[in-house]
file upload-v7.cif (mmCIF, C-alpha atoms)
data_run
#
loop_
_atom_site.label_atom_id
_atom_site.label_comp_id
_atom_site.auth_asym_id
_atom_site.auth_seq_id
_atom_site.Cartn_x
_atom_site.Cartn_y
_atom_site.Cartn_z
CA MET P 1 67.97 -18.74 -8.15
CA ALA P 2 69.19 -22.15 -6.90
CA LYS P 3 72.75 -21.34 -8.01
CA GLN P 4 72.62 -18.00 -6.17
CA LYS P 5 71.43 -19.72 -2.96
CA TYR P 6 74.20 -22.32 -3.32
CA GLU P 7 76.84 -19.60 -3.76
CA MET P 8 75.48 -17.79 -0.70
CA LYS P 9 75.88 -20.97 1.36
CA ILE P 10 79.44 -21.45 0.09
CA GLU P 11 80.30 -17.83 0.95
CA ARG P 12 78.86 -18.37 4.43
CA SER P 13 80.83 -21.57 5.01
CA LEU P 14 84.04 -19.93 3.83
CA LYS P 15 83.73 -17.51 6.73
CA MET P 16 84.74 -20.34 9.07
CA ASN P 17 88.49 -19.83 9.47
CA ASP P 18 91.15 -22.02 11.06
CA LYS P 19 90.47 -20.55 14.50
CA ASP P 20 86.75 -21.37 14.14
CA MET P 21 87.54 -24.91 13.01
CA SER P 22 89.87 -25.35 15.98
CA GLN P 23 87.15 -24.13 18.33
CA LEU P 24 84.73 -26.67 16.84
CA SER P 25 87.24 -29.52 17.12
CA ASP P 26 87.82 -28.71 20.80
CA MET P 27 84.10 -28.89 21.57
CA HIS P 28 82.90 -31.97 23.44
CA LEU P 29 79.56 -32.75 21.80
CA ALA P 30 79.65 -36.52 22.29
CA PRO P 31 77.99 -36.53 25.75
CA TYR P 32 75.14 -34.44 24.36
CA MET P 33 74.75 -36.67 21.32
CA GLN P 34 74.54 -39.61 23.70
CA LEU P 35 71.70 -37.88 25.60
CA ALA P 36 69.98 -37.10 22.30
CA THR P 37 69.92 -40.78 21.33
CA ASN P 38 67.05 -41.12 23.81
CA LEU P 39 64.95 -39.42 21.12
CA ILE P 40 65.60 -42.08 18.46
CA GLY P 41 62.26 -43.82 19.05
CA LYS P 42 60.29 -40.55 19.12
CA ALA P 43 58.53 -40.23 15.75
CA ARG P 44 57.95 -36.89 14.02
CA HIS P 45 54.78 -35.78 12.24
CA ALA P 46 56.80 -35.41 9.02
CA GLY P 47 58.55 -38.77 9.38
CA GLY P 48 61.94 -39.64 10.78
CA ASN P 49 62.62 -39.21 14.46
CA MET P 50 63.46 -36.52 16.96
CA PHE P 51 67.12 -37.55 17.22
CA ARG P 52 67.64 -36.72 13.54
CA HIS P 53 65.90 -33.39 14.09
CA GLN P 54 68.38 -32.49 16.88
CA MET P 55 71.30 -33.26 14.55
CA ASP P 56 69.66 -31.33 11.71
CA THR P 57 69.25 -28.26 13.94
CA LEU P 58 72.91 -28.54 14.96
CA ALA P 59 73.96 -28.76 11.30
CA ILE P 60 71.86 -25.71 10.37
CA LEU P 61 73.60 -23.63 13.05
CA ILE P 62 77.04 -24.73 11.86
CA ASP P 63 75.97 -24.02 8.26
CA TYR P 64 75.15 -20.47 9.35
CA GLY P 65 78.57 -20.09 10.97
CA TYR P 66 77.59 -20.45 14.63
CA ILE P 67 80.35 -22.01 16.72
CA ASP P 68 79.28 -20.97 20.22
CA SER P 69 79.71 -24.14 22.28
CA VAL P 70 76.69 -23.58 24.55
CA LEU P 71 74.44 -22.92 21.55
CA LEU P 72 75.61 -26.01 19.65
CA LYS P 73 75.40 -28.27 22.71
CA ALA P 74 71.88 -27.02 23.45
CA ALA P 75 70.86 -27.61 19.82
CA THR P 76 71.97 -31.24 20.15
CA ILE P 77 69.47 -31.85 22.98
CA HIS P 78 66.96 -29.02 22.62
CA ASP P 79 63.86 -31.30 22.62
CA THR P 80 64.90 -33.80 25.29
CA ILE P 81 63.17 -32.14 28.25
CA GLU P 82 59.97 -31.51 26.30
CA ASP P 83 59.72 -34.85 24.51
CA ILE P 84 61.15 -37.43 26.93
CA PRO P 85 58.78 -38.12 29.84
CA ASP P 86 60.48 -37.62 33.22
CA PHE P 87 63.78 -36.66 31.60
CA ASP P 88 66.38 -36.14 34.34
CA LYS P 89 67.78 -32.62 33.85
CA ASN P 90 70.75 -33.53 36.02
CA LEU P 91 72.04 -35.66 33.14
CA ILE P 92 72.81 -32.42 31.29
CA LEU P 93 74.75 -31.07 34.25
CA GLN P 94 76.65 -34.35 34.61
CA ALA P 95 77.46 -34.46 30.89
CA ASP P 96 79.46 -31.28 31.07
CA PRO P 97 80.73 -29.83 34.38
CA GLU P 98 82.02 -26.67 32.67
CA GLU P 99 79.03 -25.61 30.54
CA GLY P 100 76.25 -27.96 31.62
CA GLN P 101 74.36 -25.31 33.59
CA ALA P 102 74.46 -22.80 30.73
CA VAL P 103 73.33 -25.51 28.28
CA LEU P 104 70.48 -26.55 30.58
CA ASP P 105 69.38 -22.92 30.99
CA LEU P 106 69.26 -22.46 27.21
CA VAL P 107 67.39 -25.73 26.65
CA LEU P 108 64.84 -24.69 29.31
CA GLU P 109 64.46 -21.33 27.60
CA VAL P 110 63.41 -23.02 24.33
CA THR P 111 61.26 -25.65 26.06
CA ARG P 112 57.51 -25.15 26.19
CA ARG P 113 56.30 -24.82 29.76
CA GLU P 114 53.34 -26.78 31.13
CA ASN P 115 51.08 -23.74 31.30
CA GLU P 116 51.98 -22.42 27.82
CA ASP P 117 50.11 -22.98 24.59
CA LYS P 118 52.11 -22.75 21.35
CA ARG P 119 51.32 -19.06 20.84
CA GLN P 120 52.37 -18.11 24.38
CA PHE P 121 55.54 -20.16 24.01
CA LEU P 122 56.60 -18.47 20.78
CA LEU P 123 55.66 -15.02 22.09
CA ARG P 124 57.76 -15.59 25.21
CA ILE P 125 60.85 -16.36 23.15
CA LEU P 126 60.13 -13.49 20.73
CA ASN P 127 59.57 -10.91 23.48
CA THR P 128 61.93 -11.98 26.27
CA GLY P 129 64.18 -14.71 24.88
CA SER P 130 67.95 -14.36 24.87
CA GLN P 131 69.86 -13.93 21.62
CA LYS P 132 70.96 -17.58 21.77
CA ALA P 133 67.39 -18.79 22.38
CA LYS P 134 66.15 -16.87 19.34
CA VAL P 135 68.94 -18.16 17.11
CA LEU P 136 68.31 -21.73 18.29
CA LYS P 137 64.55 -21.40 17.77
CA CYS P 138 65.08 -20.05 14.24
CA ALA P 139 67.38 -22.98 13.34
CA ASP P 140 64.83 -25.36 14.87
CA ARG P 141 62.06 -23.82 12.76
CA ILE P 142 64.13 -24.00 9.57
CA SER P 143 64.52 -27.73 10.18
CA ASN P 144 60.80 -28.09 10.87
CA MET P 145 59.81 -26.09 7.79
CA ILE P 146 62.04 -28.22 5.57
CA SER P 147 60.34 -31.32 7.00
CA LEU P 148 56.95 -29.93 5.99
CA GLY P 149 57.77 -31.12 2.48
CA TYR P 150 56.84 -34.60 3.75
CA VAL P 151 53.57 -33.61 5.45
CA THR P 152 50.30 -34.22 3.59
CA ASP P 153 47.89 -32.44 5.97
CA PRO P 154 47.12 -29.00 4.41
CA LYS P 155 45.77 -27.56 7.69
CA PHE P 156 48.93 -28.51 9.55
CA ILE P 157 51.10 -26.93 6.84
CA GLU P 158 49.02 -23.73 6.80
CA ARG P 159 49.12 -23.42 10.59
CA TYR P 160 52.86 -23.95 10.62
CA CYS P 161 53.39 -21.35 7.90
CA ASP P 162 51.23 -18.86 9.81
CA GLU P 163 53.18 -19.45 13.04
CA THR P 164 56.44 -19.01 11.18
CA GLU P 165 55.27 -15.77 9.58
CA PHE P 166 53.87 -14.23 12.76
CA PHE P 167 56.48 -15.32 15.31
CA LEU P 168 59.66 -16.59 13.63
CA LEU P 169 60.10 -13.94 10.94
CA PRO P 170 60.25 -11.11 13.51
CA MET P 171 62.57 -13.24 15.63
CA SER P 172 64.88 -14.10 12.73
CA ILE P 173 65.12 -10.56 11.37
CA GLU P 174 66.28 -9.52 14.84
CA VAL P 175 69.04 -12.15 15.10
CA ASP P 176 70.09 -13.36 11.63
CA PHE P 177 69.00 -11.86 8.31
CA ASN P 178 70.11 -14.95 6.36
CA MET P 179 67.84 -17.15 8.49
CA TYR P 180 65.05 -14.62 7.89
CA GLN P 181 65.52 -14.97 4.13
CA GLU P 182 65.52 -18.76 4.29
CA LEU P 183 62.35 -18.79 6.40
CA ILE P 184 60.59 -16.48 3.92
CA ASN P 185 61.56 -18.80 1.09
CA LEU P 186 60.33 -21.84 3.02
CA ILE P 187 56.98 -20.15 3.75
CA LEU P 188 56.54 -19.19 0.09
CA THR P 189 57.35 -22.66 -1.25
CA ARG P 190 55.07 -24.41 1.26
CA ARG P 191 52.19 -22.02 0.51
CA ARG P 192 52.75 -22.47 -3.23
CA TYR P 193 52.45 -26.21 -2.64
CA LEU P 194 49.07 -25.64 -0.92
CA GLU P 195 47.85 -23.35 -3.72
CA ASP P 196 48.75 -26.00 -6.28
CA GLY P 197 46.42 -28.42 -4.54
CA GLY P 198 48.93 -30.00 -2.14
#

call {"tool": "encode", "arguments": {"input": "upload-v7.cif", "output": "structure tokens"}}
result
Amino acid sequence: MAKQKYEMKIERSLKMNDKDMSQLSDMHLAPYMQLATNLIGKARHAGGNMFRHQMDTLAILIDYGYIDSVLLKAATIHDTIEDIPDFDKNLILQADPEEGQAVLDLVLEVTRRENEDKRQFLLRILNTGSQKAKVLKCADRISNMISLGYVTDPKFIERYCDETEFFLLPMSIEVDFNMYQELINLILTRRRYLEDGG
């Protein structure tokens, strides 16, 4: 099973041709990485910090063959508005005169609004989110589900698995079947961990 998953990842990465690699090398991610460093001190429930989570989400998208510049730039800073108090959104616009507005729009789309609870937030993206927002949210959730391996609170793990099953599986099957398969596997392994006594 592990070998099959590894071969699937290799096959996926081989899809990135010279043109794709050139497109990636021409992308200016550095200003966004600089903005994301503001998350270095922001701890995560599973350990580590929010900066690493931004980079992990970016890596997951590249692993799945996504090279859309707006999507990758947004992944690099997708939690800044939500997790940095009084974050100045104009910094995103200033970081990138060409695509800054599109990046900001996508980040806002995957940012929980003040009047939204978690369920409303996920339903909004599922029901009315753009294709890019759904892909970004699925990559974000893959990163979060992987991090659950370091969480010891069974109720938190169960809630996260339920959310993933109810909201992210329908989202992922709509946008990327490979992400859907990975999320199913992550749900199963985390639930098996709970059944085994956590």

call {"tool": "closest_residue", "arguments": {"input": "upload-v7.cif", "among": "P:Ile81, P:Leu39, P:Ala133, P:Val175", "to": "Arg113 of chain P", "atoms": "only C-alpha atoms"}}
result
P:Ile81

call {"tool": "resolve_selection", "arguments": {"input": "upload-v7.cif", "expression": "the PyMOL selection byres ((chain P and resi 152) around 12)", "output": "list in words"}}
result
His45, Ala46, Gly47, Ser147, Leu148, Gly149, Tyr150, Val151, Asp153, Pro154, Lys155, Phe156, Ile157, Glu158, Arg190, Tyr193, Leu194, Gly197 and Gly198 of chain P

call {"tool": "write_last_selection", "arguments": {"input": "upload-v7.cif", "atoms": "C-alpha atoms", "output": "PDB file, in the coordinates of the input"}}
result
ATOM      1  CA  HIS P  45      54.780 -35.780  12.240  1.00  0.00           C
ATOM      2  CA  ALA P  46      56.800 -35.410   9.020  1.00  0.00           C
ATOM      3  CA  GLY P  47      58.550 -38.770   9.380  1.00  0.00           C
ATOM      4  CA  SER P 147      60.340 -31.320   7.000  1.00  0.00           C
ATOM      5  CA  LEU P 148      56.950 -29.930   5.990  1.00  0.00           C
ATOM      6  CA  GLY P 149      57.770 -31.120   2.480  1.00  0.00           C
ATOM      7  CA  TYR P 150      56.840 -34.600   3.750  1.00  0.00           C
ATOM      8  CA  VAL P 151      53.570 -33.610   5.450  1.00  0.00           C
ATOM      9  CA  ASP P 153      47.890 -32.440   5.970  1.00  0.00           C
ATOM     10  CA  PRO P 154      47.120 -29.000   4.410  1.00  0.00           C
ATOM     11  CA  LYS P 155      45.770 -27.560   7.690  1.00  0.00           C
ATOM     12  CA  PHE P 156      48.930 -28.510   9.550  1.00  0.00           C
ATOM     13  CA  ILE P 157      51.100 -26.930   6.840  1.00  0.00           C
ATOM     14  CA  GLU P 158      49.020 -23.730   6.800  1.00  0.00           C
ATOM     15  CA  ARG P 190      55.070 -24.410   1.260  1.00  0.00           C
ATOM     16  CA  TYR P 193      52.450 -26.210  -2.640  1.00  0.00           C
ATOM     17  CA  LEU P 194      49.070 -25.640  -0.920  1.00  0.00           C
ATOM     18  CA  GLY P 197      46.420 -28.420  -4.540  1.00  0.00           C
ATOM     19  CA  GLY P 198      48.930 -30.000  -2.140  1.00  0.00           C
TER      20      GLY P 198
END

call {"tool": "resolve_selection", "arguments": {"input": "upload-v7.cif", "expression": "the PyMOL selection byres ((chain P and resi 130) around 12)", "output": "NGL selection string"}}
result
:P and (71 or 105-110 or 124-129 or 131-137 or 171 or 174-175)

call {"tool": "closest_residue", "arguments": {"input": "upload-v7.cif", "among": "P:Asp86, P:Glu163, P:Asp56, P:Asp68", "to": "Leu122 of chain P", "atoms": "only C-alpha atoms"}}
result
P:Glu163

call {"tool": "closest_residue", "arguments": {"input": "upload-v7.cif", "among": "P:His28, P:Arg52, P:Lys89, P:Lys118", "to": "Ser69 of chain P", "atoms": "all atoms listed in the file"}}
result
P:His28
